[in-house]
Amino acid sequence: MKKLLSVLIVGFICSLYAKNVDIEIKKMHCPLCTTMIKKAILKVEGVKEVKVRLNTKKAHVNFDESKTNIDKILQAIKTTSYTGIVVKD
Ligand SMILES: [Cu+2]
């Protein structure tokens, strides 16, 4: 019972720090771009999940707010010479 409780607490704390952001990536035009951008975002410490879609030109990022922030993610996108704009957070 104690174990179950601690799992629930850890899960709850994790969900407090977990944040999702949708970023529009300008001029993204081919599957290679999506792969490159995805890799760059995944390099940011604290990023848990990245989905980059070419048809919508958007990246959906799930990250740990206690370890990173949106600015660091945007900076990572910049290293691939693309510009990301936050759509929704
Ligand atoms: Cu491309």
# chains A, B, ... in the order shown; residues from 1 in each chain; ligands from 1

call {"tool": "closest_atom_pairs", "arguments": {"of": "chain A", "to": "ligand 1", "cutoff": "7 Å", "atoms": "only C-alpha atoms and all ligand atoms", "output": "JSON lines"}}
result
{"residue": "A:Met28", "atom": "CA", "partner": "ligand 1", "partner_atom_place_in_ligand_line": "1 (Cu)", "distance": 6.0}
{"residue": "A:His29", "atom": "CA", "partner": "ligand 1", "partner_atom_place_in_ligand_line": "1 (Cu)", "distance": 4.7}
{"residue": "A:Cys30", "atom": "CA", "partner": "ligand 1", "partner_atom_place_in_ligand_line": "1 (Cu)", "distance": 3.8}
{"residue": "A:Pro31", "atom": "CA", "partner": "ligand 1", "partner_atom_place_in_ligand_line": "1 (Cu)", "distance": 6.1}
{"residue": "A:Leu32", "atom": "CA", "partner": "ligand 1", "partner_atom_place_in_ligand_line": "1 (Cu)", "distance": 4.9}
{"residue": "A:Cys33", "atom": "CA", "partner": "ligand 1", "partner_atom_place_in_ligand_line": "1 (Cu)", "distance": 4.0}

call {"tool": "residues_around", "arguments": {"residues": "range 9-21 of chain A", "least_positions_apart": "6", "cutoff": "12 Å", "atoms": "only C-alpha atoms", "output": "PyMOL selection string"}}
result
chain A and resi 2-3+46-52+58-71+73-74+84-89

call {"tool": "closest_residue", "arguments": {"among": "A:Lys39, A:Thr80, A:Ile25, A:Lys72", "to": "Arg53 in chain A", "atoms": "only C-alpha atoms"}}
result
A:Ile25

call {"tool": "select_by_dssp", "arguments": {"residues": "chain A", "states": "strand (DSSP E)", "output": "MDAnalysis selection string"}}
result
chainID A and resid 18:25 47:53 58:64 84:88

call {"tool": "select_by_dssp", "arguments": {"residues": "chain A", "states": "alpha helix (DSSP H)", "output": "PyMOL selection string"}}
result
chain A and resi 2-17+31-42+70-78

call {"tool": "residues_around", "arguments": {"residues": "Ala76 in chain A", "least_positions_apart": "5", "cutoff": "10 Å", "atoms": "only C-alpha atoms", "output": "PyMOL selection string"}}
result
chain A and resi 37-44+70-71+81-84

call {"tool": "write_last_selection", "arguments": {"atoms": "N, CA and C atoms", "output": "mmCIF file, in the first residue's frame"}}
result
data_model
loop_
_atom_site.group_PDB
_atom_site.id
_atom_site.type_symbol
_atom_site.label_atom_id
_atom_site.label_comp_id
_atom_site.auth_asym_id
_atom_site.auth_seq_id
_atom_site.Cartn_x
_atom_site.Cartn_y
_atom_site.Cartn_z
ATOM 1 N N ILE A 37 15.147 18.641 -36.982
ATOM 2 C CA ILE A 37 14.568 19.460 -35.918
ATOM 3 C C ILE A 37 14.235 18.604 -34.703
ATOM 4 N N LYS A 38 13.685 17.425 -34.965
ATOM 5 C CA LYS A 38 13.339 16.519 -33.875
ATOM 6 C C LYS A 38 14.585 16.156 -33.068
ATOM 7 N N LYS A 39 15.670 15.826 -33.774
ATOM 8 C CA LYS A 39 16.925 15.454 -33.110
ATOM 9 C C LYS A 39 17.457 16.597 -32.259
ATOM 10 N N ALA A 40 17.391 17.812 -32.813
ATOM 11 C CA ALA A 40 17.910 18.985 -32.108
ATOM 12 C C ALA A 40 17.120 19.242 -30.824
ATOM 13 N N ILE A 41 15.798 19.096 -30.910
ATOM 14 C CA ILE A 41 14.967 19.345 -29.722
ATOM 15 C C ILE A 41 15.208 18.267 -28.664
ATOM 16 N N LEU A 42 15.367 17.025 -29.125
ATOM 17 C CA LEU A 42 15.580 15.917 -28.179
ATOM 18 C C LEU A 42 16.895 16.045 -27.411
ATOM 19 N N LYS A 43 17.834 16.825 -27.964
ATOM 20 C CA LYS A 43 19.117 17.019 -27.294
ATOM 21 C C LYS A 43 18.986 17.902 -26.054
ATOM 22 N N VAL A 44 17.929 18.671 -25.980
ATOM 23 C CA VAL A 44 17.727 19.567 -24.840
ATOM 24 C C VAL A 44 17.385 18.717 -23.618
ATOM 25 N N ILE A 70 10.885 26.840 -22.531
ATOM 26 C CA ILE A 70 10.555 27.030 -23.943
ATOM 27 C C ILE A 70 11.684 27.751 -24.691
ATOM 28 N N ASP A 71 12.324 28.705 -24.030
ATOM 29 C CA ASP A 71 13.416 29.436 -24.687
ATOM 30 C C ASP A 71 14.544 28.507 -25.134
ATOM 31 N N SER A 81 18.920 26.220 -38.028
ATOM 32 C CA SER A 81 18.628 27.360 -38.914
ATOM 33 C C SER A 81 17.150 27.498 -39.294
ATOM 34 N N TYR A 82 16.291 27.015 -38.422
ATOM 35 C CA TYR A 82 14.850 27.240 -38.586
ATOM 36 C C TYR A 82 14.381 28.118 -37.441
ATOM 37 N N THR A 83 13.241 28.760 -37.644
ATOM 38 C CA THR A 83 12.707 29.603 -36.595
ATOM 39 C C THR A 83 11.401 29.007 -36.073
ATOM 40 N N GLY A 84 11.352 28.853 -34.767
ATOM 41 C CA GLY A 84 10.143 28.320 -34.146
ATOM 42 C C GLY A 84 9.361 29.415 -33.450
#

call {"tool": "atom_distance", "arguments": {"atom1": "CA of Met36 in chain A", "atom2": "CA of Thr79 in chain A"}}
result
10.1 Å

call {"tool": "decode", "arguments": {"residues": "range 6-55 of chain A", "atoms": "C-alpha atoms", "output": "compact mmCIF listing (two decimals), in the first residue's frame"}}
result
# COMPACT_ATOMS: atom_id res chain seq x y z
CA SER A 6 4.58 6.68 -3.36
CA VAL A 7 4.06 5.75 -7.02
CA LEU A 8 0.96 7.93 -7.06
CA ILE A 9 2.82 10.82 -5.42
CA VAL A 10 5.76 10.59 -7.83
CA GLY A 11 3.30 10.46 -10.73
CA PHE A 12 1.54 13.51 -9.42
CA ILE A 13 4.75 15.51 -8.99
CA CYS A 14 5.85 14.52 -12.50
CA SER A 15 2.59 15.73 -13.98
CA LEU A 16 3.09 19.07 -12.20
CA TYR A 17 6.36 19.65 -14.01
CA ALA A 18 5.38 18.13 -17.33
CA LYS A 19 4.49 20.74 -19.85
CA ASN A 20 3.40 20.65 -23.46
CA VAL A 21 4.09 23.24 -26.08
CA ASP A 22 3.19 23.52 -29.74
CA ILE A 23 5.73 25.32 -31.89
CA GLU A 24 5.20 26.41 -35.46
CA ILE A 25 8.32 25.93 -37.55
CA LYS A 26 8.58 28.30 -40.45
CA LYS A 27 9.82 27.12 -43.85
CA MET A 28 9.96 23.45 -42.87
CA HIS A 29 9.59 21.67 -46.19
CA CYS A 30 10.74 18.05 -46.24
CA PRO A 31 11.08 14.91 -44.09
CA LEU A 32 14.77 15.63 -43.57
CA CYS A 33 13.90 18.91 -41.89
CA THR A 34 11.52 17.19 -39.48
CA THR A 35 14.17 14.61 -38.54
CA MET A 36 16.83 17.27 -38.04
CA ILE A 37 14.57 19.46 -35.92
CA LYS A 38 13.34 16.52 -33.88
CA LYS A 39 16.92 15.45 -33.11
CA ALA A 40 17.91 18.98 -32.11
CA ILE A 41 14.97 19.35 -29.72
CA LEU A 42 15.58 15.92 -28.18
CA LYS A 43 19.12 17.02 -27.29
CA VAL A 44 17.73 19.57 -24.84
CA GLU A 45 17.91 18.13 -21.35
CA GLY A 46 14.46 17.69 -19.85
CA VAL A 47 12.69 17.13 -23.16
CA LYS A 48 10.67 13.94 -22.95
CA GLU A 49 8.81 13.67 -26.21
CA VAL A 50 8.89 15.41 -29.58
CA LYS A 51 6.52 15.04 -32.49
CA VAL A 52 7.30 17.04 -35.59
CA ARG A 53 4.69 17.08 -38.32
CA LEU A 54 5.45 18.25 -41.80
CA ASN A 55 1.83 18.69 -42.92
